[in-house]
file start.cif (mmCIF, C-alpha atoms)
data_upload
#
loop_
_atom_site.label_atom_id
_atom_site.label_comp_id
_atom_site.auth_asym_id
_atom_site.auth_seq_id
_atom_site.Cartn_x
_atom_site.Cartn_y
_atom_site.Cartn_z
CA MET A 77 -17.67 31.48 16.27
CA ARG A 78 -15.10 28.71 15.75
CA ILE A 79 -15.00 26.75 12.51
CA PRO A 80 -13.28 23.36 12.11
CA CYS A 81 -11.20 23.61 8.93
CA PRO A 82 -10.68 20.06 7.60
CA HIS A 83 -6.99 20.86 7.05
CA CYS A 84 -5.98 23.32 9.77
CA GLY A 85 -8.28 22.35 12.63
CA GLU A 86 -10.53 24.66 14.63
CA ARG A 87 -9.95 28.34 13.87
CA ASP A 88 -11.61 31.69 14.44
CA VAL A 89 -14.38 32.72 12.04
CA SER A 90 -12.38 35.85 11.09
CA GLU A 91 -10.06 33.62 9.03
CA PHE A 92 -12.94 32.38 6.87
CA ARG A 93 -15.36 33.71 4.33
CA TYR A 94 -18.85 32.51 3.61
CA GLY A 95 -19.27 31.04 0.13
CA GLY A 96 -23.00 30.48 -0.24
CA ASP A 97 -25.66 27.82 -0.03
CA ALA A 98 -24.20 24.35 -0.62
CA THR A 99 -27.58 22.71 -1.13
CA LYS A 100 -28.29 24.39 -4.48
CA THR A 101 -27.56 22.51 -7.68
CA ARG A 102 -26.05 24.48 -10.52
CA PRO A 103 -27.56 23.72 -13.97
CA LYS A 104 -25.10 21.90 -16.22
CA HIS A 105 -23.19 23.99 -18.75
CA GLY A 106 -25.17 24.36 -21.96
CA GLU A 107 -28.33 23.07 -20.31
CA GLY A 108 -31.29 24.66 -18.60
CA ASP A 109 -33.40 27.53 -19.85
CA LEU A 110 -33.06 31.16 -18.79
CA LYS A 111 -35.42 30.66 -15.90
CA ALA A 112 -33.34 27.79 -14.48
CA TRP A 113 -30.19 29.96 -14.58
CA HIS A 114 -32.03 32.98 -13.24
CA ASP A 115 -33.35 30.98 -10.32
CA TYR A 116 -29.91 29.51 -9.61
CA TYR A 117 -28.15 32.86 -9.57
CA PHE A 118 -30.70 35.21 -8.10
CA LEU A 119 -33.14 33.30 -5.91
CA PHE A 120 -32.08 32.25 -2.44
CA ASP A 121 -33.85 30.56 0.41
CA ASN A 122 -33.43 32.06 3.84
CA PRO A 123 -33.60 28.97 6.04
CA LYS A 124 -33.83 29.10 9.80
CA GLY A 125 -32.15 26.15 11.47
CA PRO A 126 -29.71 23.52 10.20
CA HIS A 127 -28.04 24.44 6.93
CA THR A 128 -25.19 23.28 4.71
CA GLU A 129 -22.94 26.04 3.40
CA TYR A 130 -19.74 26.59 1.46
CA TRP A 131 -16.94 28.27 3.39
CA GLN A 132 -13.37 29.12 2.42
CA HIS A 133 -10.41 29.28 4.83
CA VAL A 134 -9.34 32.41 2.99
CA LEU A 135 -6.64 33.60 5.43
CA GLY A 136 -5.38 30.08 6.12
CA CYS A 137 -4.99 27.16 3.73
CA ARG A 138 -7.50 28.70 1.26
CA HIS A 139 -9.37 25.45 0.81
CA TRP A 140 -13.10 25.38 0.16
CA PHE A 141 -15.26 23.00 2.15
CA LYS A 142 -18.85 22.32 3.19
CA LEU A 143 -19.94 23.18 6.71
CA SER A 144 -23.10 22.39 8.67
CA ARG A 145 -24.30 25.42 10.60
CA ASN A 146 -27.50 26.22 12.40
CA THR A 147 -28.47 29.65 11.09
CA ALA A 148 -30.58 30.37 14.18
CA THR A 149 -28.05 29.45 16.87
CA ASN A 150 -24.70 29.43 14.97
CA GLU A 151 -24.13 25.92 16.28
CA ILE A 152 -21.40 24.42 14.11
CA GLY A 153 -21.56 20.84 12.88
CA GLU A 154 -19.30 18.82 10.64
CA ALA A 155 -17.01 20.16 7.93
CA SER A 156 -16.13 18.12 4.86
CA MET B 38 24.61 43.67 -9.08
CA LEU B 39 21.06 44.28 -7.95
CA ASP B 40 20.59 44.56 -4.22
CA ARG B 41 17.47 43.49 -2.42
CA ARG B 42 15.76 46.49 -0.87
CA SER B 43 14.03 46.02 2.43
CA ALA B 44 10.33 46.79 2.61
CA LEU B 45 11.03 47.99 6.15
CA ALA B 46 13.78 50.47 5.24
CA SER B 47 11.69 53.35 6.60
CA ALA B 48 10.47 51.49 9.67
CA LYS B 49 10.97 53.10 13.05
CA PRO B 50 13.27 50.97 15.25
CA TYR B 51 11.65 49.34 18.26
CA VAL B 52 13.66 49.55 21.47
CA SER B 53 12.90 47.51 24.56
CA SER B 54 14.92 45.67 27.18
CA VAL B 55 12.55 42.69 27.23
CA LEU B 56 11.40 42.39 23.63
CA GLN B 57 13.06 42.59 20.22
CA ILE B 58 11.16 43.24 17.00
CA GLY B 59 12.83 43.57 13.63
CA GLU B 60 13.35 42.17 10.19
CA ALA B 61 15.08 38.81 9.71
CA ARG B 62 16.67 39.30 6.29
CA GLY B 63 18.66 36.99 4.07
CA PHE B 64 16.47 34.01 3.26
CA SER B 65 15.02 32.27 0.25
CA LEU B 66 11.50 30.90 0.15
CA LEU B 67 10.32 28.26 -2.27
CA GLN B 68 6.80 26.84 -2.43
CA VAL B 69 6.83 23.23 -3.58
CA ALA B 70 3.74 21.28 -4.60
CA GLY B 71 4.03 17.55 -5.14
CA PRO B 72 4.11 14.21 -3.36
CA ALA B 73 6.34 14.05 -0.29
CA LYS B 74 7.96 10.79 -1.39
CA ALA B 75 9.30 12.49 -4.52
CA ILE B 76 10.52 15.61 -2.70
CA SER B 77 12.04 14.17 0.49
CA PRO B 78 14.99 12.36 -1.19
CA ILE B 79 16.23 15.83 -2.19
CA THR B 80 15.23 17.94 0.81
CA GLY B 81 15.47 15.44 3.66
CA LYS B 82 12.62 14.21 5.83
CA LEU B 83 9.48 16.32 5.48
CA PRO B 84 6.98 17.02 8.26
CA THR B 85 4.07 14.58 8.23
CA LYS B 86 1.52 16.94 9.77
CA VAL B 87 0.18 20.15 8.23
CA GLY B 88 1.19 23.12 10.40
CA THR B 89 4.51 21.68 11.54
CA ALA B 90 8.08 22.44 10.49
CA LEU B 91 11.35 20.49 10.56
CA GLN B 92 14.98 21.48 10.15
CA ALA B 93 17.02 19.56 7.57
CA GLN B 94 20.26 20.33 5.74
CA GLY B 95 20.27 23.89 7.07
CA ARG B 96 16.77 24.60 5.83
CA THR B 97 13.36 24.93 7.44
CA LEU B 98 10.78 22.66 5.84
CA MET B 99 7.13 23.51 6.47
CA ARG B 100 4.13 21.43 5.49
CA THR B 101 1.52 23.98 4.38
CA GLY B 102 -0.87 21.41 2.86
CA GLU B 103 -1.26 17.70 2.18
CA THR B 104 1.00 18.00 -0.86
CA GLN B 105 2.38 21.51 -0.44
CA PHE B 106 5.53 22.66 1.33
CA TRP B 107 7.52 25.81 2.05
CA ILE B 108 11.29 25.50 1.93
CA ILE B 109 13.16 28.30 3.65
CA GLY B 110 16.89 28.37 3.09
CA SER B 111 19.82 30.73 2.85
CA GLU B 112 19.61 33.68 0.49
CA ASN B 113 21.47 31.92 -2.33
CA ASP B 114 19.98 28.46 -1.81
CA ALA B 115 20.02 26.41 -5.04
CA ILE B 116 17.47 23.79 -3.95
CA ALA B 117 15.10 24.91 -6.72
CA THR B 118 17.44 23.64 -9.42
CA LYS B 119 17.45 20.19 -7.80
CA LEU B 120 13.66 20.07 -7.47
CA ASP B 121 13.03 21.25 -11.02
CA GLY B 122 10.95 18.60 -12.77
CA VAL B 123 10.20 16.78 -9.51
CA ALA B 124 7.49 19.08 -8.21
CA ILE B 125 5.72 22.31 -9.08
CA LEU B 126 7.86 25.21 -7.86
CA THR B 127 6.82 28.75 -7.02
CA PRO B 128 9.64 31.06 -5.89
CA LEU B 129 8.29 33.38 -3.20
CA SER B 130 11.50 34.92 -1.80
CA HIS B 131 10.74 38.35 -3.23
CA SER B 132 7.12 38.34 -2.12
CA ARG B 133 7.53 37.91 1.62
CA THR B 134 9.18 39.93 4.38
CA ARG B 135 10.18 38.07 7.53
CA ILE B 136 9.57 39.92 10.78
CA PHE B 137 10.72 38.47 14.08
CA ILE B 138 9.50 39.12 17.60
CA GLU B 139 11.50 37.69 20.47
CA GLY B 140 11.23 37.96 24.22
CA ALA B 141 9.14 36.88 27.18
CA PRO B 142 6.14 39.14 26.28
CA ALA B 143 6.06 38.02 22.59
CA ARG B 144 3.04 35.77 23.06
CA ASP B 145 1.09 38.51 24.81
CA VAL B 146 1.78 40.95 21.97
CA LEU B 147 0.79 38.52 19.22
CA SER B 148 -2.42 37.62 21.08
CA LYS B 149 -3.60 41.20 20.66
CA GLY B 150 -4.23 40.80 16.95
CA LEU B 151 -3.90 37.23 15.77
CA PRO B 152 -6.87 34.88 16.26
CA LEU B 153 -4.76 31.99 17.56
CA ASP B 154 -4.25 30.36 20.94
CA PHE B 155 -0.72 31.41 21.90
CA HIS B 156 -0.58 29.49 25.16
CA PRO B 157 2.85 27.75 25.36
CA THR B 158 1.17 24.34 25.71
CA VAL B 159 -0.83 24.88 22.50
CA PHE B 160 1.41 26.82 20.07
CA LYS B 161 4.75 25.09 20.55
CA PRO B 162 8.18 25.42 18.93
CA GLY B 163 8.18 23.82 15.48
CA MET B 164 4.56 24.70 14.82
CA PHE B 165 3.33 27.37 12.44
CA ALA B 166 -0.06 28.71 11.39
CA MET B 167 -1.35 30.43 8.31
CA THR B 168 -3.68 33.06 9.64
CA GLY B 169 -4.60 36.71 9.19
CA LEU B 170 -3.70 40.05 10.69
CA HIS B 171 -6.02 42.95 9.83
CA HIS B 172 -7.50 40.93 6.95
CA THR B 173 -4.12 40.23 5.36
CA PRO B 174 -2.70 36.71 5.30
CA VAL B 175 0.42 36.00 7.36
CA LEU B 176 2.27 32.85 8.35
CA VAL B 177 3.42 32.75 11.97
CA HIS B 178 6.20 30.33 12.87
CA CYS B 179 7.04 29.48 16.48
CA VAL B 180 10.83 29.11 16.29
CA ASN B 181 11.35 28.62 20.00
CA GLU B 182 9.30 29.30 23.09
CA ASN B 183 9.77 33.06 22.95
CA ARG B 184 10.68 33.71 19.32
CA PHE B 185 8.22 33.96 16.45
CA GLU B 186 8.82 34.75 12.80
CA ILE B 187 6.04 36.28 10.74
CA TYR B 188 6.08 35.90 6.98
CA ALA B 189 4.09 38.88 5.73
CA LEU B 190 3.35 39.87 2.17
CA ARG B 191 6.02 42.42 1.17
CA THR B 192 3.52 45.14 0.34
CA PHE B 193 1.86 44.77 3.74
CA ALA B 194 5.10 44.29 5.70
CA LEU B 195 5.40 47.88 6.92
CA SER B 196 1.79 47.84 8.04
CA VAL B 197 2.32 44.55 9.93
CA TYR B 198 5.54 45.91 11.49
CA ASP B 199 3.80 49.10 12.55
CA TRP B 200 0.96 47.10 14.06
CA LEU B 201 3.41 44.88 15.97
CA THR B 202 5.47 47.73 17.38
CA ASP B 203 2.28 49.59 18.28
CA ALA B 204 0.88 46.53 20.07
CA ALA B 205 4.23 46.20 21.90
CA LEU B 206 4.37 49.83 23.09
CA GLU B 207 3.66 48.83 26.69
CA PHE B 208 7.01 46.96 26.71
CA ALA B 209 9.02 49.68 24.91
CA GLU B 210 11.48 52.04 26.54
#
call {"tool": "encode", "arguments": {"input": "start.cif", "output": "structure tokens"}}
result
Amino acid sequence: MRIPCPHCGERDVSEFRYGGDATKTRPKHGEGDLKAWHDYYFLFDNPKGPHTEYWQHVLGCRHWFKLSRNTATNEIGEAS
Amino acid sequence: MLDRRSALASAKPYVSSVLQIGEARGFSLLQVAGPAKAISPITGKLPTKVGTALQAQGRTLMRTGETQFWIIGSENDAIATKLDGVAILTPLSHSRTRIFIEGAPARDVLSKGLPLDFHPTVFKPGMFAMTGLHHTPVLVHCVNENRFEIYALRTFALSVYDWLTDAALEFAE
């Protein structure tokens, strides 16, 4: 799998690490009840198909970015 | 006076008639973060593209990010004193070991473990890449068509050297 790093260009997936679901919204600090925080931290969807994810170019420039990836086919879309 | 001790002091020499691998000692490395227009009056012209390097005033200037640079100079380079207050400085000389590999088969050897395209039309002299070898970060600089310098973390340097010389066994004597 090849991932287009916004800074370094297209690189091998072995240089990156997955950073989680980028569609979730974290409750604001000091807000939200225990259930809202519990759901944010511990409950995950397992979507099949197009998805937006956080990735980090951990062995390269170390920047975090959002990436579109199809979880069923590993087709890579845009990075931002 | 304190002497710098090589992280590769116990490394087994690599002997080949077509390929040289060893440590390139005697350099200073400074990471500089700040706007290019503030830094370039002191260092000379900086590369405009991330992943490219230029030579200026006897130093190698690498652009490692939009506003981040590596300056590689002689062992006693005093550029840091001139850049003090201009940009954010992180001295890295002690943290990296520079390993060179030079010879016609160098690209073939590097291709065995680094996830980069080492074709001469793709990875050209003056380019560098921050990448990984066995899950440890390294910076690989293409100095000329058949010479590459790898900046490895000091604590992993012996492991990287051993990997390189192992990968190059088919060219050894």
call {"tool": "residues_around", "arguments": {"input": "start.cif", "residues": "Thr147 of chain A", "least_positions_apart": "6", "cutoff": "8 Å", "atoms": "only C-alpha atoms", "output": "list of chain:residue names"}}
result
A:Pro123, A:Lys124, A:Gly125, A:Pro126, A:His127
call {"tool": "write_last_selection", "arguments": {"input": "start.cif", "atoms": "C-alpha atoms", "output": "CSV table (one decimal), in the coordinates of the input"}}
result
chain,number,residue,atom,x,y,z
A,123,PRO,CA,-33.6,29.0,6.0
A,124,LYS,CA,-33.8,29.1,9.8
A,125,GLY,CA,-32.2,26.2,11.5
A,126,PRO,CA,-29.7,23.5,10.2
A,127,HIS,CA,-28.0,24.4,6.9
call {"tool": "resolve_selection", "arguments": {"input": "start.cif", "expression": "the PyMOL selection byres ((chain B) within 10 of (chain A))", "output": "count of residues only"}}
result
21
call {"tool": "atom_distance", "arguments": {"input": "start.cif", "atom1": "atom CA of Val52 of chain B", "atom2": "atom CA of Ile138 of chain B"}}
result
11.9 Å
call {"tool": "resolve_selection", "arguments": {"input": "start.cif", "expression": "the PyMOL selection byres ((chain A and resi 93-98) around 7)", "output": "MDAnalysis selection string"}}
result
chainID A and resid 92 99:100 128:134 142
call {"tool": "resolve_selection", "arguments": {"input": "start.cif", "expression": "the PyMOL selection byres ((chain B and resi 104-119) around 10)", "output": "PyMOL selection string"}}
result
chain B and resi 62-73+76+79-80+83-84+87+90-103+120-130
call {"tool": "residues_around", "arguments": {"input": "start.cif", "residues": "Tyr198 of chain B", "least_positions_apart": "6", "cutoff": "8 Å", "atoms": "all atoms listed in the file", "output": "list in words"}}
result
Leu45, Ala48, Gly59 and Ile136 of chain B
call {"tool": "write_last_selection", "arguments": {"input": "start.cif", "atoms": "C-alpha atoms", "output": "PDB file, in the frame of the given file"}}
result
ATOM      1  CA  LEU B  45      11.030  47.990   6.150  1.00  0.00           C
ATOM      2  CA  ALA B  48      10.470  51.490   9.670  1.00  0.00           C
ATOM      3  CA  GLY B  59      12.830  43.570  13.630  1.00  0.00           C
ATOM      4  CA  ILE B 136       9.570  39.920  10.780  1.00  0.00           C
TER       5      ILE B 136
END
call {"tool": "atom_distance", "arguments": {"input": "start.cif", "atom1": "atom CA of Asp203 of chain B", "atom2": "atom CA of Val146 of chain B"}}
result
9.4 Å
call {"tool": "closest_residue", "arguments": {"input": "start.cif", "among": "B:Ala205, B:Ser47, B:Met164, B:Phe193", "to": "Arg144 of chain B", "atoms": "all atoms listed in the file"}}
result
B:Ala205
call {"tool": "build_atoms", "arguments": {"input": "start.cif", "residues": "segment 71-101 of chain B", "atoms": "N, CA and C atoms", "output": "JSON list (two decimals), in the coordinates of the input"}}
result
[["chain", "number", "residue", "atom", "x", "y", "z"],
["B", 71, "GLY", "N", 3.78, 18.88, -4.58],
["B", 71, "GLY", "CA", 4.03, 17.55, -5.14],
["B", 71, "GLY", "C", 4.04, 16.52, -4.03],
["B", 72, "PRO", "N", 4.12, 15.25, -4.39],
["B", 72, "PRO", "CA", 4.11, 14.21, -3.36],
["B", 72, "PRO", "C", 5.38, 14.21, -2.53],
["B", 73, "ALA", "N", 5.21, 14.00, -1.21],
["B", 73, "ALA", "CA", 6.34, 14.05, -0.29],
["B", 73, "ALA", "C", 7.40, 13.02, -0.65],
["B", 74, "LYS", "N", 6.99, 11.85, -1.12],
["B", 74, "LYS", "CA", 7.96, 10.79, -1.39],
["B", 74, "LYS", "C", 8.88, 11.15, -2.57],
["B", 75, "ALA", "N", 8.44, 12.06, -3.42],
["B", 75, "ALA", "CA", 9.30, 12.49, -4.52],
["B", 75, "ALA", "C", 10.23, 13.62, -4.09],
["B", 76, "ILE", "N", 9.77, 14.42, -3.12],
["B", 76, "ILE", "CA", 10.52, 15.61, -2.70],
["B", 76, "ILE", "C", 11.55, 15.29, -1.62],
["B", 77, "SER", "N", 11.18, 14.41, -0.68],
["B", 77, "SER", "CA", 12.04, 14.17, 0.49],
["B", 77, "SER", "C", 13.43, 13.60, 0.17],
["B", 78, "PRO", "N", 13.62, 12.79, -0.90],
["B", 78, "PRO", "CA", 14.99, 12.36, -1.19],
["B", 78, "PRO", "C", 15.95, 13.52, -1.46],
["B", 79, "ILE", "N", 15.40, 14.67, -1.87],
["B", 79, "ILE", "CA", 16.23, 15.83, -2.19],
["B", 79, "ILE", "C", 16.35, 16.76, -0.99],
["B", 80, "THR", "N", 15.24, 16.95, -0.27],
["B", 80, "THR", "CA", 15.23, 17.94, 0.81],
["B", 80, "THR", "C", 15.59, 17.35, 2.17],
["B", 81, "GLY", "N", 15.41, 16.06, 2.34],
["B", 81, "GLY", "CA", 15.47, 15.44, 3.66],
["B", 81, "GLY", "C", 14.05, 15.23, 4.15],
["B", 82, "LYS", "N", 13.93, 14.60, 5.31],
["B", 82, "LYS", "CA", 12.62, 14.21, 5.83],
["B", 82, "LYS", "C", 11.68, 15.40, 5.96],
["B", 83, "LEU", "N", 10.48, 15.25, 5.43],
["B", 83, "LEU", "CA", 9.48, 16.32, 5.48],
["B", 83, "LEU", "C", 8.53, 16.11, 6.65],
["B", 84, "PRO", "N", 7.95, 17.19, 7.18],
["B", 84, "PRO", "CA", 6.98, 17.02, 8.26],
["B", 84, "PRO", "C", 5.77, 16.22, 7.77],
["B", 85, "THR", "N", 5.21, 15.40, 8.64],
["B", 85, "THR", "CA", 4.07, 14.58, 8.23],
["B", 85, "THR", "C", 2.74, 15.28, 8.50],
["B", 86, "LYS", "N", 2.77, 16.29, 9.36],
["B", 86, "LYS", "CA", 1.52, 16.94, 9.77],
["B", 86, "LYS", "C", 1.49, 18.38, 9.26],
["B", 87, "VAL", "N", 0.35, 18.77, 8.68],
["B", 87, "VAL", "CA", 0.18, 20.15, 8.23],
["B", 87, "VAL", "C", 0.28, 21.08, 9.44],
["B", 88, "GLY", "N", 1.04, 22.16, 9.29],
["B", 88, "GLY", "CA", 1.19, 23.12, 10.40],
["B", 88, "GLY", "C", 2.42, 22.86, 11.23],
["B", 89, "THR", "N", 3.28, 21.92, 10.80],
["B", 89, "THR", "CA", 4.51, 21.68, 11.54],
["B", 89, "THR", "C", 5.71, 21.86, 10.61],
["B", 90, "ALA", "N", 6.85, 22.17, 11.24],
["B", 90, "ALA", "CA", 8.08, 22.44, 10.49],
["B", 90, "ALA", "C", 9.22, 21.59, 11.05],
["B", 91, "LEU", "N", 10.15, 21.24, 10.17],
["B", 91, "LEU", "CA", 11.35, 20.49, 10.56],
["B", 91, "LEU", "C", 12.58, 21.21, 10.02],
["B", 92, "GLN", "N", 13.71, 20.97, 10.66],
["B", 92, "GLN", "CA", 14.98, 21.48, 10.15],
["B", 92, "GLN", "C", 15.70, 20.33, 9.46],
["B", 93, "ALA", "N", 16.24, 20.59, 8.27],
["B", 93, "ALA", "CA", 17.02, 19.56, 7.57],
["B", 93, "ALA", "C", 17.99, 20.24, 6.62],
["B", 94, "GLN", "N", 19.22, 19.82, 6.65],
["B", 94, "GLN", "CA", 20.26, 20.33, 5.74],
["B", 94, "GLN", "C", 20.33, 21.86, 5.77],
["B", 95, "GLY", "N", 20.16, 22.43, 6.95],
["B", 95, "GLY", "CA", 20.27, 23.89, 7.07],
["B", 95, "GLY", "C", 19.05, 24.65, 6.59],
["B", 96, "ARG", "N", 17.99, 23.93, 6.31],
["B", 96, "ARG", "CA", 16.77, 24.60, 5.83],
["B", 96, "ARG", "C", 15.63, 24.32, 6.79],
["B", 97, "THR", "N", 14.61, 25.18, 6.72],
["B", 97, "THR", "CA", 13.36, 24.93, 7.44],
["B", 97, "THR", "C", 12.35, 24.42, 6.44],
["B", 98, "LEU", "N", 11.76, 23.26, 6.73],
["B", 98, "LEU", "CA", 10.78, 22.66, 5.84],
["B", 98, "LEU", "C", 9.42, 22.71, 6.52],
["B", 99, "MET", "N", 8.47, 23.38, 5.88],
["B", 99, "MET", "CA", 7.13, 23.51, 6.47],
["B", 99, "MET", "C", 6.12, 22.77, 5.60],
["B", 100, "ARG", "N", 5.22, 22.07, 6.25],
["B", 100, "ARG", "CA", 4.13, 21.43, 5.49],
["B", 100, "ARG", "C", 2.92, 22.36, 5.54],
["B", 101, "THR", "N", 2.62, 23.01, 4.42],
["B", 101, "THR", "CA", 1.52, 23.98, 4.38],
["B", 101, "THR", "C", 0.23, 23.35, 3.86]]
